[in-house]
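input-v3.txt, holding compact mmCIF, C-alpha atoms:
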```txt
# COMPACT_ATOMS: atom_id res chain seq x y z
CA MET A 1 18.27 43.19 -18.66
CA GLN A 2 16.62 41.86 -15.55
CA GLU A 3 13.06 40.52 -15.99
CA PRO A 4 10.60 42.26 -13.57
CA ARG A 5 9.06 39.84 -11.09
CA ASN A 6 6.05 42.00 -10.24
CA LEU A 7 4.90 45.58 -10.79
CA LEU A 8 6.75 46.84 -7.71
CA HIS A 9 9.97 45.27 -8.93
CA ALA A 10 9.44 46.77 -12.41
CA LEU A 11 8.99 50.27 -10.99
CA VAL A 12 12.07 49.91 -8.78
CA LEU A 13 14.13 48.78 -11.76
CA ALA A 14 12.83 51.64 -13.86
CA ARG A 15 13.80 54.17 -11.22
CA GLY A 16 17.19 52.56 -10.66
CA SER A 17 16.59 52.65 -6.91
CA SER A 18 18.78 50.67 -4.54
CA TYR A 19 17.34 49.15 -1.39
CA ALA A 20 18.92 51.91 0.72
CA GLU A 21 17.34 54.61 -1.44
CA ALA A 22 13.93 52.91 -1.43
CA ALA A 23 14.04 52.40 2.34
CA GLU A 24 14.91 56.06 2.92
CA GLU A 25 11.97 57.14 0.73
CA TYR A 26 9.71 54.68 2.57
CA ARG A 27 10.67 56.15 5.97
CA ARG A 28 10.29 59.74 4.70
CA LEU A 29 6.78 59.16 3.37
CA GLY A 30 5.87 57.24 6.51
CA ARG A 31 6.72 60.29 8.62
CA ILE A 32 4.64 62.53 6.34
CA ILE A 33 1.61 60.23 6.49
CA GLY A 34 2.10 59.86 10.25
CA GLU A 35 1.80 63.62 10.70
CA GLU A 36 -1.27 63.71 8.48
CA LEU A 37 -2.99 60.94 10.41
CA ASP A 38 -1.35 61.67 13.78
CA SER A 39 -0.23 58.04 13.88
CA ASP A 40 2.98 56.72 15.42
CA LEU A 41 2.50 53.54 13.38
CA TYR A 42 3.41 55.54 10.26
CA ARG A 43 5.90 57.92 11.90
CA THR A 44 8.11 55.00 12.92
CA ALA A 45 7.57 52.90 9.79
CA ASP A 46 10.61 51.14 8.34
CA VAL A 47 11.35 48.26 5.96
CA SER A 48 14.19 45.77 6.31
CA GLU A 49 16.16 44.50 3.35
CA PRO A 50 14.77 40.89 3.63
CA THR A 51 11.22 42.29 3.67
CA TRP A 52 11.96 44.47 0.64
CA ARG A 53 13.33 41.40 -1.19
CA ARG A 54 10.14 39.49 -0.39
CA TRP A 55 7.96 42.32 -1.69
CA THR A 56 9.88 42.38 -4.98
CA SER A 57 10.18 38.59 -5.29
CA GLY A 58 6.99 38.11 -7.28
CA ARG A 59 5.48 35.72 -4.74
CA PRO A 60 1.80 36.41 -3.88
CA MET A 61 1.54 38.32 -0.61
CA SER A 62 -0.40 41.06 1.17
CA PRO A 63 1.87 43.36 3.21
CA ASN A 64 0.51 44.44 6.58
CA PRO A 65 -0.12 48.08 7.60
CA PRO A 66 1.41 50.58 7.38
CA ALA A 67 3.03 49.26 4.17
CA PRO A 68 -0.01 49.43 1.82
CA ARG A 69 -0.60 53.18 2.28
CA ILE A 70 3.11 54.07 2.12
CA LEU A 71 3.76 51.95 -0.98
CA THR A 72 0.76 53.51 -2.70
CA ARG A 73 2.10 56.99 -1.90
CA MET A 74 5.54 55.98 -3.20
CA PHE A 75 4.46 54.48 -6.53
CA GLY A 76 0.88 55.59 -7.21
CA TYR A 77 -0.58 52.07 -7.39
CA ALA A 78 -2.70 50.06 -4.96
CA VAL A 79 -0.66 47.48 -3.10
CA SER A 80 -2.64 44.64 -4.74
CA GLU A 81 -1.45 45.95 -8.12
CA LEU A 82 2.12 46.40 -6.92
CA MET A 83 2.27 42.75 -5.80
CA GLY A 84 0.69 41.56 -9.04
CA PRO A 85 2.13 40.91 -12.49
CA THR A 86 3.68 43.71 -14.53
CA PRO A 87 1.33 45.33 -17.09
CA SER A 88 2.90 45.55 -20.54
CA ALA A 89 2.98 49.38 -20.49
CA ALA A 90 3.92 49.81 -16.86
CA VAL A 91 7.61 50.53 -17.40
CA THR A 92 8.58 53.24 -19.83
CA LEU A 93 12.24 53.52 -18.89
CA GLU A 94 14.98 51.02 -19.62
CA PRO A 95 15.68 49.04 -16.41
CA VAL A 96 18.96 50.08 -14.86
CA LEU A 97 21.43 47.66 -13.30
CA ASN A 98 23.71 49.45 -10.88
CA GLU A 99 26.28 48.59 -8.26
CA SER A 100 23.69 48.60 -5.46
CA ASP A 101 21.59 45.97 -7.26
CA ILE A 102 24.62 43.74 -7.69
CA ALA A 103 25.58 44.20 -4.06
CA MET A 104 22.01 43.35 -2.96
CA THR A 105 22.02 40.14 -5.03
CA ALA A 106 25.38 39.18 -3.53
CA ARG A 107 24.06 39.79 -0.01
CA ASP A 108 20.90 37.79 -0.83
CA ALA A 109 22.94 34.82 -2.04
CA ALA A 110 25.19 34.95 1.01
CA ALA A 111 22.20 35.13 3.36
CA HIS A 112 20.57 32.11 1.69
CA ALA A 113 23.77 30.09 1.91
CA GLY A 114 24.19 31.13 5.52
CA ASP A 115 20.66 30.02 6.34
CA ALA A 116 21.31 26.65 4.73
CA ALA A 117 24.61 26.22 6.56
CA SER A 118 23.07 27.10 9.92
CA ALA A 119 19.96 24.94 9.44
CA HIS A 120 21.25 21.74 10.96
CA LEU A 121 20.83 19.71 14.11
CA PRO A 122 23.34 18.38 16.60
CA ASP A 123 24.23 14.86 15.47
CA MET A 124 23.62 13.62 19.01
CA THR A 125 19.89 14.32 18.64
CA LEU A 126 19.84 12.13 15.53
CA ASP A 127 21.81 9.44 17.35
CA GLN A 128 19.17 9.41 20.08
CA LEU A 129 16.33 9.12 17.58
CA ASP A 130 18.09 6.22 15.84
CA ASP A 131 18.60 4.51 19.19
CA ASP A 132 14.95 5.01 20.17
CA VAL A 133 13.71 3.47 16.92
CA ARG A 134 16.04 0.48 17.31
CA VAL A 135 14.96 -0.05 20.91
CA LEU A 136 11.30 -0.14 19.92
CA ALA A 137 12.00 -2.52 17.03
CA VAL A 138 13.78 -4.95 19.35
CA ALA A 139 11.28 -4.55 22.21
CA TYR A 140 8.20 -4.77 19.99
CA GLU A 141 7.66 -8.47 20.66
CA THR A 142 7.38 -7.77 24.40
CA THR A 143 5.44 -4.49 24.10
CA GLU A 144 1.65 -4.30 24.14
CA PRO A 145 0.46 -3.34 20.63
CA LEU A 146 -1.35 -0.18 21.72
CA ARG A 147 1.69 1.03 23.65
CA ALA A 148 3.95 0.16 20.73
CA TYR A 149 1.70 2.12 18.38
CA ARG A 150 1.82 5.22 20.56
CA ARG A 151 5.59 5.04 20.90
CA ALA A 152 6.09 4.58 17.14
CA GLU A 153 3.81 7.54 16.52
CA GLU A 154 5.95 9.70 18.81
CA LEU A 155 9.08 8.65 16.94
CA LEU A 156 7.58 9.38 13.52
CA LEU A 157 6.45 12.86 14.61
CA ASP A 158 9.90 13.49 16.09
CA ALA A 159 11.61 12.53 12.82
CA GLN A 160 9.24 14.70 10.78
CA GLU A 161 9.74 17.70 13.08
CA LYS A 162 13.52 17.35 12.84
CA LEU A 163 13.32 17.13 9.04
CA ASN A 164 11.83 20.63 9.09
CA ARG A 165 14.84 21.91 11.04
CA THR A 166 17.76 20.74 8.92
CA GLN A 167 18.86 21.26 5.34
CA ARG A 168 21.94 19.07 5.49
CA PRO A 169 21.55 16.12 3.07
CA ARG A 170 23.36 13.70 5.37
CA GLN A 171 21.07 14.52 8.28
CA GLN A 172 17.98 14.47 6.08
CA ALA A 173 18.89 10.97 4.86
CA ARG A 174 19.19 9.73 8.45
CA LEU A 175 15.86 11.29 9.39
CA TYR A 176 14.06 9.86 6.36
CA GLY A 177 15.43 6.47 7.39
CA ALA A 178 14.17 6.87 10.96
CA ALA A 179 10.78 8.03 9.68
CA GLY A 180 10.61 4.98 7.41
CA LEU A 181 11.37 2.58 10.25
CA ALA A 182 8.83 4.27 12.54
CA SER A 183 6.21 4.07 9.77
CA SER A 184 6.89 0.34 9.37
CA LEU A 185 6.43 -0.22 13.09
CA LEU A 186 3.22 1.79 12.98
CA SER A 187 2.01 -0.45 10.16
CA VAL A 188 2.69 -3.59 12.18
CA ALA A 189 1.04 -2.13 15.29
CA ALA A 190 -2.02 -0.94 13.34
CA PHE A 191 -2.35 -4.42 11.88
CA ASP A 192 -2.07 -6.04 15.32
CA LEU A 193 -4.86 -3.73 16.47
CA GLY A 194 -7.01 -4.88 13.56
CA MET A 195 -6.90 -1.70 11.46
CA LEU A 196 -5.97 -2.81 7.98
CA GLY A 197 -6.59 0.51 6.20
CA PRO A 198 -4.14 2.53 8.32
CA ALA A 199 -1.72 -0.42 8.33
CA THR A 200 -1.63 -0.34 4.54
CA GLN A 201 -1.17 3.43 4.47
CA PHE A 202 1.68 3.31 6.97
CA ALA A 203 3.40 0.58 4.92
CA ARG A 204 3.15 2.69 1.78
CA THR A 205 4.50 5.68 3.69
CA SER A 206 7.46 3.59 4.82
CA ALA A 207 8.11 2.47 1.25
CA MET A 208 8.08 6.10 0.07
CA TYR A 209 10.54 7.17 2.75
CA GLY A 210 12.76 4.29 1.66
CA GLN A 211 12.47 5.42 -1.94
CA VAL A 212 13.58 8.96 -1.05
CA ILE A 213 16.90 7.66 0.31
CA GLU A 214 17.12 4.61 -2.02
CA HIS A 215 17.11 2.20 0.94
CA GLY A 216 16.53 -1.23 -0.61
CA PRO A 217 15.94 -3.30 2.57
CA LEU A 218 13.42 -0.77 3.94
CA GLN A 219 11.50 -0.74 0.66
CA ALA A 220 11.58 -4.55 0.51
CA TYR A 221 10.29 -4.83 4.08
CA ALA A 222 7.46 -2.35 3.44
CA HIS A 223 6.37 -4.12 0.26
CA GLY A 224 6.45 -7.41 2.16
CA VAL A 225 4.03 -5.89 4.66
CA LEU A 226 1.83 -4.73 1.79
CA ALA A 227 1.89 -8.27 0.41
CA TYR A 228 0.67 -9.98 3.55
CA LEU A 229 -1.92 -7.27 4.09
CA ALA A 230 -3.12 -8.01 0.55
CA TYR A 231 -3.66 -11.71 1.13
CA TRP A 232 -5.29 -10.92 4.44
CA GLU A 233 -7.83 -8.99 2.40
CA ARG A 234 -8.29 -12.02 0.13
CA ARG A 235 -6.13 -10.62 -2.67
CA PRO A 236 -3.34 -13.21 -2.96
CA ALA A 237 -2.61 -12.30 -6.60
CA ALA A 238 -1.96 -8.70 -5.50
CA ALA A 239 0.25 -10.06 -2.73
CA LEU A 240 2.40 -11.86 -5.28
CA ARG A 241 2.79 -8.64 -7.26
CA ASP A 242 4.02 -6.83 -4.15
CA ILE A 243 6.46 -9.66 -3.45
CA GLN A 244 7.89 -9.42 -6.96
CA ILE A 245 8.41 -5.68 -6.40
CA ALA A 246 10.02 -6.36 -3.01
CA LYS A 247 12.41 -8.92 -4.49
CA GLY A 248 13.68 -6.35 -6.97
CA PHE A 249 15.30 -4.05 -4.41
CA ALA A 250 19.06 -4.18 -3.99
CA GLY A 251 20.94 -4.78 -0.76
CA VAL A 252 18.55 -7.25 0.89
CA GLY A 253 20.33 -9.97 2.89
CA ASP A 254 19.48 -13.62 3.44
CA VAL A 255 17.10 -12.94 6.35
CA GLY A 256 15.09 -10.42 4.36
CA ARG A 257 15.03 -12.81 1.43
CA ALA A 258 13.72 -15.66 3.61
CA ARG A 259 10.96 -13.40 4.94
CA LEU A 260 9.81 -12.50 1.43
CA LEU A 261 9.85 -16.16 0.38
CA ALA A 262 7.69 -17.10 3.38
CA ILE A 263 5.13 -14.45 2.43
CA GLU A 264 5.31 -15.62 -1.19
CA ALA A 265 4.63 -19.20 -0.08
CA ARG A 266 1.51 -18.12 1.81
CA SER A 267 0.28 -16.19 -1.22
CA TYR A 268 0.68 -19.27 -3.43
CA ALA A 269 -1.12 -21.38 -0.82
CA HIS A 270 -4.12 -19.03 -0.84
CA LEU A 271 -4.18 -19.34 -4.62
CA GLY A 272 -4.22 -23.13 -4.33
CA ARG A 273 -0.82 -23.47 -6.02
CA ALA A 274 0.56 -26.05 -3.61
CA ASP A 275 3.72 -27.00 -5.52
CA GLU A 276 4.85 -23.39 -5.83
CA ALA A 277 4.05 -22.77 -2.16
CA ARG A 278 6.19 -25.73 -1.10
CA GLU A 279 9.03 -24.65 -3.40
CA ALA A 280 9.00 -21.14 -1.89
CA MET A 281 9.16 -22.63 1.63
CA ARG A 282 12.04 -24.88 0.58
CA ARG A 283 13.99 -21.89 -0.77
CA ALA A 284 13.21 -19.90 2.38
CA LEU A 285 14.93 -22.60 4.44
CA ASP A 286 18.12 -22.50 2.32
CA SER A 287 21.13 -21.17 4.17
CA GLY A 288 21.65 -18.44 1.57
CA ALA A 289 24.87 -16.78 0.47
CA GLY A 290 25.82 -15.22 3.80
CA LEU A 291 24.45 -11.79 2.87
CA ARG A 292 23.39 -9.37 5.58
CA ASP A 293 21.70 -5.99 5.67
CA GLU A 294 21.32 -3.31 8.32
CA LEU A 295 17.55 -3.56 8.69
CA HIS A 296 16.91 -7.31 8.95
CA ASP A 297 20.20 -8.31 10.61
CA VAL A 298 21.71 -5.38 12.50
CA ILE A 299 18.48 -3.86 13.86
CA GLY A 300 16.49 -7.09 13.77
CA GLY A 301 13.73 -7.44 16.33
CA GLU A 302 10.43 -6.86 14.55
CA PHE A 303 12.42 -6.38 11.34
CA GLY A 304 14.10 -9.74 11.75
CA PHE A 305 12.86 -13.15 10.69
CA GLU A 306 14.45 -15.62 13.02
CA ALA A 307 14.00 -19.37 12.88
CA PRO A 308 10.98 -19.60 15.27
CA ARG A 309 9.01 -17.05 13.26
CA ALA A 310 9.93 -18.76 10.00
CA ALA A 311 8.78 -22.13 11.35
CA MET A 312 5.52 -20.59 12.55
CA SER A 313 4.94 -19.02 9.13
CA HIS A 314 5.47 -22.35 7.39
CA ALA A 315 3.11 -24.09 9.82
CA THR A 316 0.37 -21.64 8.89
CA THR A 317 1.05 -22.10 5.19
CA TYR A 318 0.75 -25.88 5.56
CA LEU A 319 -2.60 -25.33 7.30
CA VAL A 320 -3.81 -23.27 4.35
CA LEU A 321 -2.74 -26.19 2.14
CA GLY A 322 -4.62 -28.62 4.40
CA ASP A 323 -1.44 -30.54 5.26
CA GLY A 324 -1.97 -31.28 8.96
CA PRO A 325 1.11 -33.49 9.60
CA ARG A 326 3.59 -30.97 8.15
CA ALA A 327 1.78 -28.11 9.89
CA GLU A 328 2.17 -29.91 13.22
CA THR A 329 5.85 -30.64 12.54
CA SER A 330 6.58 -26.99 11.77
CA ALA A 331 4.58 -25.79 14.76
CA ARG A 332 6.44 -28.13 17.10
CA GLU A 333 9.75 -26.96 15.64
CA ALA A 334 8.80 -23.33 16.26
CA LEU A 335 7.88 -24.05 19.88
CA ARG A 336 11.11 -26.00 20.37
CA LEU A 337 13.17 -23.09 19.07
CA LEU A 338 11.26 -20.62 21.23
CA SER A 339 11.87 -22.70 24.34
CA GLY A 340 15.60 -22.24 23.81
CA THR A 341 15.46 -18.44 23.88
CA ALA A 342 15.73 -16.26 26.97
CA ASN A 343 12.84 -13.98 26.04
CA PRO A 344 10.58 -15.80 23.58
CA ASP A 345 8.41 -13.73 21.28
CA ARG A 346 5.04 -13.87 23.03
CA GLN A 347 2.96 -13.28 19.93
CA VAL A 348 4.79 -15.93 17.89
CA GLU A 349 4.47 -18.41 20.77
CA MET A 350 0.71 -17.96 21.12
CA GLN A 351 -0.01 -17.93 17.40
CA VAL A 352 2.01 -21.05 16.65
CA THR A 353 0.33 -22.79 19.60
CA VAL A 354 -3.03 -22.17 17.90
CA ASP A 355 -1.57 -23.56 14.67
CA LEU A 356 -0.52 -26.68 16.58
CA ALA A 357 -4.06 -27.06 17.93
CA ARG A 358 -5.52 -26.66 14.43
CA ALA A 359 -3.07 -29.21 13.01
CA ARG A 360 -4.11 -31.70 15.67
CA LEU A 361 -7.75 -31.02 14.92
CA LEU A 362 -7.13 -31.74 11.24
CA GLY A 363 -5.86 -35.14 12.35
CA GLY A 364 -8.97 -35.78 14.45
CA GLU A 365 -7.23 -35.18 17.81
CA LEU A 366 -9.88 -33.11 19.57
CA GLU A 367 -8.45 -33.68 23.04
CA GLY A 368 -4.96 -32.77 21.83
CA ALA A 369 -6.26 -29.54 20.32
CA ASP A 370 -8.05 -28.67 23.55
CA GLU A 371 -4.88 -29.26 25.55
CA ALA A 372 -2.73 -27.15 23.20
CA LEU A 373 -5.19 -24.23 23.20
CA ALA A 374 -5.48 -23.90 26.98
CA PRO A 375 -2.57 -21.42 27.49
CA VAL A 376 -3.73 -19.34 24.52
CA LEU A 377 -7.21 -18.82 25.97
CA ALA A 378 -5.57 -17.38 29.08
CA THR A 379 -3.84 -14.63 27.07
CA PRO A 380 -4.62 -11.15 28.51
CA ALA A 381 -6.96 -9.05 26.35
CA GLU A 382 -4.27 -6.48 25.47
CA TRP A 383 -2.22 -9.23 23.78
CA ARG A 384 -5.09 -10.61 21.71
CA THR A 385 -3.89 -9.19 18.41
CA ILE A 386 -5.73 -9.63 15.12
CA GLY A 387 -3.32 -12.38 14.06
CA LEU A 388 -4.04 -14.38 17.21
CA VAL A 389 -7.78 -13.66 17.21
CA ASP A 390 -8.08 -14.73 13.59
CA ARG A 391 -6.26 -18.00 14.18
CA VAL A 392 -8.48 -18.81 17.17
CA SER A 393 -11.58 -17.88 15.15
CA GLN A 394 -10.54 -20.26 12.39
CA LEU A 395 -10.18 -23.03 14.95
CA ARG A 396 -13.73 -22.24 16.04
CA THR A 397 -14.81 -22.75 12.42
CA ASP A 398 -12.95 -26.08 12.33
CA LEU A 399 -14.92 -27.21 15.39
CA ALA A 400 -18.19 -26.74 13.50
CA ARG A 401 -17.50 -29.74 11.26
CA PRO A 402 -20.28 -32.38 11.50
CA ALA A 403 -17.87 -34.95 12.91
CA LEU A 404 -17.07 -32.70 15.90
CA GLU A 405 -19.96 -30.36 16.60
CA GLN A 406 -21.84 -32.82 18.81
CA ALA A 407 -18.82 -33.65 21.00
CA HIS A 408 -18.99 -32.16 24.49
CA THR A 409 -15.33 -31.04 24.36
CA ALA A 410 -15.90 -29.32 21.03
CA ARG A 411 -18.94 -27.42 22.30
CA PHE A 412 -17.15 -26.34 25.47
CA LEU A 413 -14.08 -25.25 23.53
CA ALA A 414 -16.24 -23.31 21.08
CA GLU A 415 -17.84 -21.40 23.96
CA GLN A 416 -14.43 -20.53 25.37
CA ILE A 417 -13.29 -19.27 21.99
CA GLU A 418 -16.34 -17.03 21.63
CA GLU A 419 -15.57 -15.47 25.00
CA PHE A 420 -11.92 -15.06 24.00
CA VAL A 421 -12.76 -13.29 20.75
CA ALA A 422 -15.32 -11.01 22.38
CA VAL A 423 -12.61 -9.29 24.41
CA ALA A 424 -9.53 -8.50 22.34
CA ALA A 425 -7.09 -5.69 21.62
CA ALA A 426 -7.85 -6.01 17.93
CA ARG A 427 -11.26 -4.79 16.88
CA GLN A 428 -13.32 -7.28 14.93
CA LEU A 429 -13.32 -6.73 11.18
CA PRO A 430 -16.41 -7.16 9.02
CA GLY A 431 -16.48 -9.64 6.20
CA GLY A 432 -16.28 -13.00 7.97
CA ARG A 433 -13.28 -15.29 7.93
CA ARG A 434 -9.88 -13.90 7.01
CA PRO A 435 -6.85 -15.90 5.94
CA ALA A 436 -4.12 -16.09 8.56
CA ILE A 437 -0.74 -14.45 7.99
CA GLU A 438 2.73 -14.77 9.38
CA GLY A 439 1.89 -12.75 12.47
```

Render the structure in this file as structure tokens.
Amino acid sequence: MQEPRNLLHALVLARGSSYAEAAEEYRRLGRIIGEELDSDLYRTADVSEPTWRRWTSGRPMSPNPPAPRILTRMFGYAVSELMGPTPSAAVTLEPVLNESDIAMTARDAAAHAGDAASAHLPDMTLDQLDDDVRVLAVAYETTEPLRAYRRAEELLLDAQEKLNRTQRPRQQARLYGAAGLASSLLSVAAFDLGMLGPATQFARTSAMYGQVIEHGPLQAYAHGVLAYLAYWERRPAAALRDIQIAKGFAGVGDVGRARLLAIEARSYAHLGRADEAREAMRRALDSGAGLRDELHDVIGGEFGFEAPRAAMSHATTYLVLGDGPRAETSAREALRLLSGTANPDRQVEMQVTVDLARARLLGGELEGADEALAPVLATPAEWRTIGLVDRVSQLRTDLARPALEQAHTARFLAEQIEEFVAVAAARQLPGGRRPAIEG
């Protein structure tokens, strides 16, 4: 015995009416009401089988005119009652299951399967989206942050719109992957523009997309972003927790592993755990087991962690530890590696140059710091990301030490830095000094 889904469905079952019989009665009463009201809206009234199935589905709805008046004439109940739950005494006859009901259910199942089979996209449109995401990931280092943000936003919206147009699991998996990559790029761009709240939210969104398709490298990357955002907000213990989560995902290659270790080292440094920070850096420099993954190795670009960026990250960590000589060595190594590339990463180059200036300043080389910082201060405003602005601001703090503040070079350099910071792509964040990150 079929369970009634709403009062309308219960009455139809009690009468043993097929869709064809109900539709004929609906049209007949519509013509009668149309003559009474002199209304063509009722004279021409009809109901399709999909609409009839919706009305008897039990889902809350309010049919549009002329249906309410016709349904009331057919069954003697207001349409709000017909679409509501079945009263216990509403049906006095045993529900009848006939051949028409079975045929309707068969047609309903076939229609649903047909809808699912037809709800797919040409694979070429997915190929193009994948290509567009990869292009942005690779070009990110040479793309202004605001422009990169807008492009990543377009790609995320494109992926989300396409997800609403396909029901094929294979295509959905590809689109969730593209949405996850676009969200990661949005997180990086939002961070570069100095917006930590949205950056964190985008990183979490990326991690969730990765979880949907069980994509280990994407989840590891997103949690790595969450970790460095955490120590930027002076929460290094929380950063370590995110790193431990990131290290638990399967399928991460050597490059992804080195990136996580570099972030882990910085977190330990901010906690003052120097030995553990140095051990994490040492392990990050190990050659690894030759493992690769699609995100960090095949796509690469902003998702990569090549030698120059690793050296820059270690230079910053040594600065947090107060180890000027090793910071300078790592900074010089990063610049040497960048000089050997055809298109050096502009942001890495500027940020590690500031680290070199700070390392020299730690060693008392004011003139050397001034010389190193000169090309950085000429950076156009649109490239003055939060990572670069923060590093330069920290150098300004270093210049305020009693041993330097009276020197003419120090005062002049401090003035230049204030002008540099005043005009930047990244908005200034409240709360004073922030710890530097990998950039």

(request) Please provide the set of residues having any atom within 10 Å of segment 321-338 of chain A, restricted to all atoms listed in the file, with same-chain residues fewer than 6 positions apart removed, written as a VMD selection string. (result) chain A and resid 266 268 to 274 277 to 278 306 to 315 344 to 346 348 to 364

(request) Find the spatial neighbours of Thr86 of chain A, counting all atoms listed in the file, within a cut-off of 12 Å - ignore same-chain residues fewer than 5 positions away - and output them as a ChimeraX atom specification. (result) /A:3-13,56,58,77,80-81,91-92

(request) Would you mind listing what lies within 6 Å of segment 170-183 of chain A as a count of residues only, with all atoms listed in the file counted and same-chain residues fewer than 4 positions away left out? (result) 7

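Taking atom CA of Gly30 of chain A and atom CA of Asn64 of chain A as endpoints, the distance between them is 13.9 Å.
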
Show me a table, sorted first by chain and then by increasing residue number, of the residues of segment 174-253 of chain A having an atom at most 7 Å from segment 141-151 of chain A, each with its shortest atom pair and the distance in Å to one decimal, counting only C-alpha atoms and written as JSON lines.
```
{"residue": "A:Leu186", "atom": "CA", "partner": "A:Tyr149", "partner_atom": "CA", "distance": 5.6}
{"residue": "A:Ala189", "atom": "CA", "partner": "A:Tyr149", "partner_atom": "CA", "distance": 5.3}
{"residue": "A:Ala190", "atom": "CA", "partner": "A:Tyr149", "partner_atom": "CA", "distance": 7.0}
{"residue": "A:Asp192", "atom": "CA", "partner": "A:Pro145", "partner_atom": "CA", "distance": 6.5}
{"residue": "A:Leu193", "atom": "CA", "partner": "A:Pro145", "partner_atom": "CA", "distance": 6.8}
```

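In this model, the gap between atom CA of Ala238 of chain A and atom CA of Val225 of chain A comes to 12.1 Å.
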